>>> print(open('target.cif').read())   # mmCIF, C-alpha atoms
data_final
#
loop_
_atom_site.label_atom_id
_atom_site.label_comp_id
_atom_site.auth_asym_id
_atom_site.auth_seq_id
_atom_site.Cartn_x
_atom_site.Cartn_y
_atom_site.Cartn_z
CA MET A 28 112.44 103.74 61.46
CA LYS A 29 109.15 105.43 60.64
CA SER A 30 106.80 103.60 58.32
CA ALA A 31 103.47 103.90 56.55
CA VAL A 32 101.12 101.30 55.07
CA ILE A 33 98.91 102.27 52.14
CA VAL A 34 95.28 101.13 52.44
CA PHE A 35 93.39 100.46 49.21
CA PRO A 36 89.76 99.33 48.91
CA ALA A 37 89.86 95.56 49.64
CA SER A 38 93.37 95.55 51.11
CA ASN A 39 93.32 92.72 53.64
CA CYS A 40 96.94 92.48 54.78
CA ASP A 41 97.39 96.13 55.74
CA ARG A 42 96.93 95.42 59.45
CA ASP A 43 99.23 92.39 59.24
CA ALA A 44 101.97 94.63 57.84
CA ALA A 45 101.35 97.34 60.44
CA THR A 46 101.38 94.83 63.30
CA ALA A 47 104.66 93.33 62.11
CA LEU A 48 106.29 96.74 61.78
CA GLU A 49 105.06 97.97 65.14
CA SER A 50 106.16 94.82 66.96
CA LEU A 51 109.68 95.05 65.55
CA THR A 52 110.25 98.83 65.47
CA GLY A 53 108.36 99.90 68.58
CA HIS A 54 106.88 102.80 66.60
CA LYS A 55 103.30 103.38 65.49
CA THR A 56 102.77 102.72 61.79
CA GLU A 57 100.83 105.34 59.85
CA MET A 58 97.87 104.00 57.86
CA VAL A 59 97.44 106.07 54.68
CA TRP A 60 94.22 105.98 52.64
CA HIS A 61 94.75 105.55 48.90
CA GLN A 62 92.91 108.76 48.04
CA ASP A 63 95.29 110.88 50.11
CA THR A 64 97.76 112.88 48.07
CA ASP A 65 100.59 113.20 50.58
CA LEU A 66 102.65 110.81 52.65
CA PRO A 67 103.64 111.48 56.26
CA ASN A 68 107.34 111.89 56.99
CA VAL A 69 108.38 108.23 56.89
CA ASP A 70 111.35 106.12 55.86
CA LEU A 71 109.46 103.09 54.56
CA VAL A 72 106.22 102.81 52.59
CA VAL A 73 104.51 99.40 52.41
CA LEU A 74 102.00 98.45 49.73
CA PRO A 75 100.23 95.49 51.36
CA GLY A 76 98.61 92.33 50.10
CA GLY A 77 94.94 91.94 49.37
CA PHE A 78 92.63 92.40 46.42
CA SER A 79 92.68 96.14 45.73
CA TYR A 80 89.56 97.19 43.82
CA GLY A 81 88.54 93.52 43.74
CA ASP A 82 91.30 92.80 41.19
CA TYR A 83 89.13 94.31 38.44
CA LEU A 84 90.82 94.85 35.06
CA ARG A 85 94.12 93.34 36.28
CA SER A 86 95.42 92.78 39.77
CA GLY A 87 96.87 96.09 40.96
CA ALA A 88 95.93 98.02 37.80
CA MET A 89 93.38 100.35 39.40
CA ALA A 90 95.38 100.78 42.60
CA GLY A 91 98.36 101.81 40.47
CA GLN A 92 96.33 104.86 39.41
CA SER A 93 95.34 105.88 42.96
CA ALA A 94 96.15 109.44 44.02
CA ILE A 95 98.63 108.33 46.68
CA MET A 96 100.81 106.57 44.12
CA ARG A 97 102.19 109.89 42.89
CA ALA A 98 103.53 110.49 46.40
CA VAL A 99 104.83 106.90 46.59
CA LYS A 100 106.71 107.37 43.33
CA ALA A 101 108.17 110.67 44.57
CA HIS A 102 109.22 108.96 47.81
CA ALA A 103 111.01 106.24 45.82
CA GLU A 104 112.65 108.75 43.48
CA LYS A 105 114.11 110.55 46.51
CA GLY A 106 115.62 107.28 47.73
CA GLY A 107 112.91 106.32 50.21
CA ALA A 108 112.26 102.62 50.72
CA VAL A 109 109.14 101.00 49.25
CA LEU A 110 108.08 97.41 49.96
CA GLY A 111 105.30 95.82 47.89
CA ILE A 112 103.96 92.49 49.17
CA CYS A 113 101.73 90.25 47.02
CA ASN A 114 99.08 92.67 45.69
CA GLY A 115 101.59 95.41 46.51
CA PHE A 116 104.06 93.79 44.10
CA GLN A 117 101.34 93.82 41.44
CA VAL A 118 100.72 97.54 42.14
CA LEU A 119 104.45 98.25 41.77
CA THR A 120 104.58 96.63 38.32
CA GLU A 121 101.35 98.30 37.20
CA SER A 122 102.68 101.71 38.27
CA HIS A 123 106.05 100.96 36.58
CA LEU A 124 108.08 101.24 39.74
CA LEU A 125 109.21 97.69 38.92
CA PRO A 126 109.49 95.98 35.52
CA GLY A 127 107.50 93.00 34.32
CA ALA A 128 104.01 91.79 35.13
CA LEU A 129 102.22 89.35 37.42
CA MET A 130 99.95 87.01 35.46
CA LYS A 131 97.50 84.32 36.51
CA ASN A 132 99.08 81.32 38.18
CA ALA A 133 100.13 78.64 35.72
CA GLY A 134 97.64 76.21 37.26
CA LEU A 135 94.84 78.82 37.13
CA LYS A 136 94.12 78.16 40.81
CA PHE A 137 94.52 80.28 43.92
CA VAL A 138 97.51 79.01 45.91
CA CYS A 139 97.70 79.41 49.69
CA ARG A 140 100.54 77.57 51.43
CA PRO A 141 104.08 77.97 52.76
CA VAL A 142 106.80 77.93 50.11
CA THR A 143 110.58 77.63 50.33
CA LEU A 144 112.53 80.57 48.93
CA GLU A 145 116.20 81.06 48.21
CA VAL A 146 117.75 84.43 49.02
CA SER A 147 119.53 85.60 45.86
CA GLU A 148 120.73 89.05 46.92
CA THR A 149 122.04 90.37 50.25
CA GLN A 150 123.27 93.88 49.46
CA SER A 151 119.98 95.81 49.67
CA ALA A 152 118.30 97.48 52.63
CA PHE A 153 115.76 94.65 52.57
CA THR A 154 118.06 91.64 52.61
CA ARG A 155 121.32 92.43 54.40
CA PHE A 156 120.39 90.29 57.42
CA TYR A 157 120.04 87.20 55.22
CA GLU A 158 122.86 85.09 53.78
CA ASN A 159 123.28 84.56 50.06
CA GLY A 160 121.69 81.25 49.13
CA GLN A 161 119.87 80.97 52.45
CA LYS A 162 116.61 78.99 52.36
CA VAL A 163 113.62 80.58 54.10
CA VAL A 164 109.93 79.73 54.29
CA PHE A 165 107.29 82.38 53.63
CA PRO A 166 103.58 81.79 52.98
CA VAL A 167 101.95 82.70 49.67
CA ALA A 168 98.28 83.46 49.02
CA HIS A 169 97.58 84.57 45.46
CA GLY A 170 95.94 83.74 42.16
CA ASP A 171 97.99 86.13 40.01
CA GLY A 172 101.59 85.61 41.06
CA ASN A 173 103.15 84.31 37.86
CA TYR A 174 106.00 86.78 37.24
CA PHE A 175 106.84 87.44 33.60
CA ALA A 176 109.16 89.80 31.75
CA ASP A 177 110.80 89.78 28.33
CA PRO A 178 114.20 88.05 28.02
CA GLU A 179 116.12 91.35 27.86
CA THR A 180 114.56 92.53 31.12
CA LEU A 181 115.18 89.19 32.78
CA ASP A 182 118.82 89.20 31.72
CA ARG A 183 119.19 92.74 33.05
CA LEU A 184 117.67 91.75 36.42
CA GLU A 185 120.05 88.79 36.57
CA GLY A 186 123.10 90.78 35.50
CA GLU A 187 122.46 93.62 37.94
CA GLY A 188 121.76 91.30 40.87
CA ARG A 189 118.21 92.56 41.25
CA ILE A 190 116.48 89.23 41.80
CA ALA A 191 116.12 89.26 45.57
CA PHE A 192 114.25 85.99 46.11
CA ARG A 193 113.59 82.89 44.04
CA TYR A 194 111.29 79.98 44.68
CA ALA A 195 113.39 76.96 45.61
CA GLU A 196 113.70 74.41 42.84
CA GLY A 197 110.55 72.29 42.78
CA ASP A 198 108.55 74.71 44.96
CA ASN A 199 107.43 77.31 42.42
CA PRO A 200 103.72 77.78 43.21
CA ASN A 201 102.69 79.85 40.20
CA GLY A 202 104.99 79.24 37.21
CA SER A 203 107.03 82.43 37.57
CA VAL A 204 109.77 82.65 34.97
CA ARG A 205 113.23 81.73 36.33
CA ASN A 206 111.56 80.96 39.68
CA ILE A 207 111.44 84.67 40.48
CA ALA A 208 109.64 85.49 43.74
CA GLY A 209 110.87 89.06 44.33
CA ILE A 210 112.81 91.78 42.51
CA LEU A 211 114.44 95.16 43.19
CA ASN A 212 114.44 98.35 41.18
CA ALA A 213 117.64 99.71 39.66
CA THR A 214 118.49 101.82 42.72
CA ARG A 215 117.65 98.94 45.07
CA ASN A 216 115.29 100.91 47.31
CA VAL A 217 112.07 99.31 45.98
CA LEU A 218 111.34 95.63 46.55
CA GLY A 219 108.33 93.69 45.31
CA LEU A 220 107.69 90.07 46.24
CA MET A 221 104.71 87.74 46.13
CA PRO A 222 105.33 85.78 49.40
CA HIS A 223 104.38 87.37 52.73
CA PRO A 224 107.31 88.18 55.09
CA GLU A 225 104.95 90.01 57.47
CA ARG A 226 103.20 86.71 58.25
CA VAL A 227 106.38 85.06 59.57
CA VAL A 228 107.56 87.39 62.32
CA ASP A 229 106.00 85.54 65.27
CA PRO A 230 106.74 81.90 66.16
CA LEU A 231 103.18 81.53 67.43
CA LEU A 232 101.96 82.20 63.89
CA GLY A 233 104.17 79.66 62.17
CA GLY A 234 107.68 81.05 61.75
CA THR A 235 110.15 83.90 62.02
CA ASP A 236 111.89 83.88 58.62
CA GLY A 237 110.48 87.33 57.84
CA ILE A 238 112.17 89.01 60.80
CA PRO A 239 115.56 89.49 59.06
CA MET A 240 113.88 91.55 56.32
CA PHE A 241 112.44 94.00 58.81
CA LYS A 242 115.63 94.06 60.89
CA SER A 243 117.55 94.82 57.69
CA LEU A 244 115.26 97.77 57.03
CA ILE A 245 115.49 99.00 60.61
CA GLU A 246 119.29 99.02 60.49
CA ALA A 247 119.40 100.66 57.06
CA LEU A 248 116.76 103.33 57.67
CA SER A 249 117.03 104.23 61.35
#
>>> encode(input="target.cif", output="structure tokens")
Amino acid sequence: MKSAVIVFPASNCDRDAATALESLTGHKTEMVWHQDTDLPNVDLVVLPGGFSYGDYLRSGAMAGQSAIMRAVKAHAEKGGAVLGICNGFQVLTESHLLPGALMKNAGLKFVCRPVTLEVSETQSAFTRFYENGQKVVFPVAHGDGNYFADPETLDRLEGEGRIAFRYAEGDNPNGSVRNIAGILNATRNVLGLMPHPERVVDPLLGGTDGIPMFKSLIEALS
């Protein structure tokens, strides 16, 4: 599986994502600057966490207008996989690759801690190595992770099985509606989630619950 990580000004999890991918795939990950207009020939594009453009205007709003996003959208439209983590999830909603919006946390404070998630979907390229209902622990680190969408959109996400991850009951760190932590697009090749799977692929760093996501992608895209 060949992969690329997009680097925006003030991305700070781009190297984390690349390290995770390289350790699990054995292939070098391409780092693509946001002002580039073309993607290399890859199977997976990752929009990493961080504070692109310093979170000016709205988190992810300026990055969503970066030149590379036209190529990312074309990649997704052709069926290529796109994974948006934390700020990357915000970029995906701002660029309309995913519905809804990420608002300020309900407590108006930055939250940085491990959270328990429940896997809600296991039929996508991102989740097939998990079990439905499985509890996993990923870290979060965000101030604008409160997912919101109108009731019609939420019902559609529910009805189409596009909610990939939820915060476990009682462990919602940001007030996200219906405990939503991550969602898929209609064709199930784009995933956005606020927690960080790339930070739990090494037991020395606190856990391995992110490994099944990357193994799922490797099997699906290799």
>>> residues_around(input="target.cif", residues="Phe78 in chain A", least_positions_apart="4", cutoff="8 Å", atoms="all atoms listed in the file", output="list in words")
Pro36, Ala37, Ser38, Asn39, Asp82, Ser86, Gly87 and Asn114 of chain A
>>> resolve_selection(input="target.cif", expression="the PyMOL selection byres ((chain A and resi 144) around 9)", output="ChimeraX atom specification")
/A:142-143,145-146,161-165,192-196,198-199,208,222
>>> closest_residue(input="target.cif", among="A:Pro224, A:Gly76, A:Gly219, A:Phe156", to="His123 in chain A", atoms="only C-alpha atoms")
A:Gly219
>>> resolve_selection(input="target.cif", expression="the PyMOL selection byres ((chain A and resi 33) around 12)", output="PyMOL selection string")
chain A and resi 30-32+34-42+44-45+56-67+71-77+79+90-91+93-96+98-99+109-112+114-115+118
>>> atom_distance(input="target.cif", atom1="CA of Phe116 in chain A", atom2="CA of Gly172 in chain A")
9.1 Å
>>> residues_around(input="target.cif", residues="Ala247 in chain A", least_positions_apart="3", cutoff="10 Å", atoms="only C-alpha atoms", output="VMD selection string")
chain A and resid 28 70 108 151 to 153 155 241 to 244
>>> residues_near_point(input="target.cif", point="(106.0, 89.3, 34.9)", cutoff="12 Å", atoms="only C-alpha atoms", output="number ranges by chain")
A: 116-117, 119-121, 123, 125-132, 171-178, 180-181, 201-210, 219-221
>>> atom_distance(input="target.cif", atom1="CA of Val217 in chain A", atom2="CA of Gly160 in chain A")
20.7 Å
>>> residues_around(input="target.cif", residues="Thr149 in chain A", least_positions_apart="5", cutoff="9 Å", atoms="only C-alpha atoms", output="compact mmCIF listing (two decimals) with C-alpha atoms, keeping the file's coordinate frame")
# COMPACT_ATOMS: atom_id res chain seq x y z
CA THR A 154 118.06 91.64 52.61
CA ARG A 155 121.32 92.43 54.40
CA PHE A 156 120.39 90.29 57.42
CA TYR A 157 120.04 87.20 55.22
CA GLU A 158 122.86 85.09 53.78
CA ASN A 159 123.28 84.56 50.06
CA ALA A 191 116.12 89.26 45.57
>>> atom_distance(input="target.cif", atom1="CA of Gly186 in chain A", atom2="CA of Asn216 in chain A")
17.4 Å
>>> closest_residue(input="target.cif", among="A:Ile245, A:His169, A:Ala213, A:Val69", to="Leu135 in chain A", atoms="all atoms listed in the file")
A:His169
>>> closest_residue(input="target.cif", among="A:Cys113, A:Asn68, A:Glu225, A:Leu231", to="Asp43 in chain A", atoms="only C-alpha atoms")
A:Glu225
>>> closest_residue(input="target.cif", among="A:Ala168, A:Ala47, A:Leu211, A:Leu124", to="Val138 in chain A", atoms="all atoms listed in the file")
A:Ala168
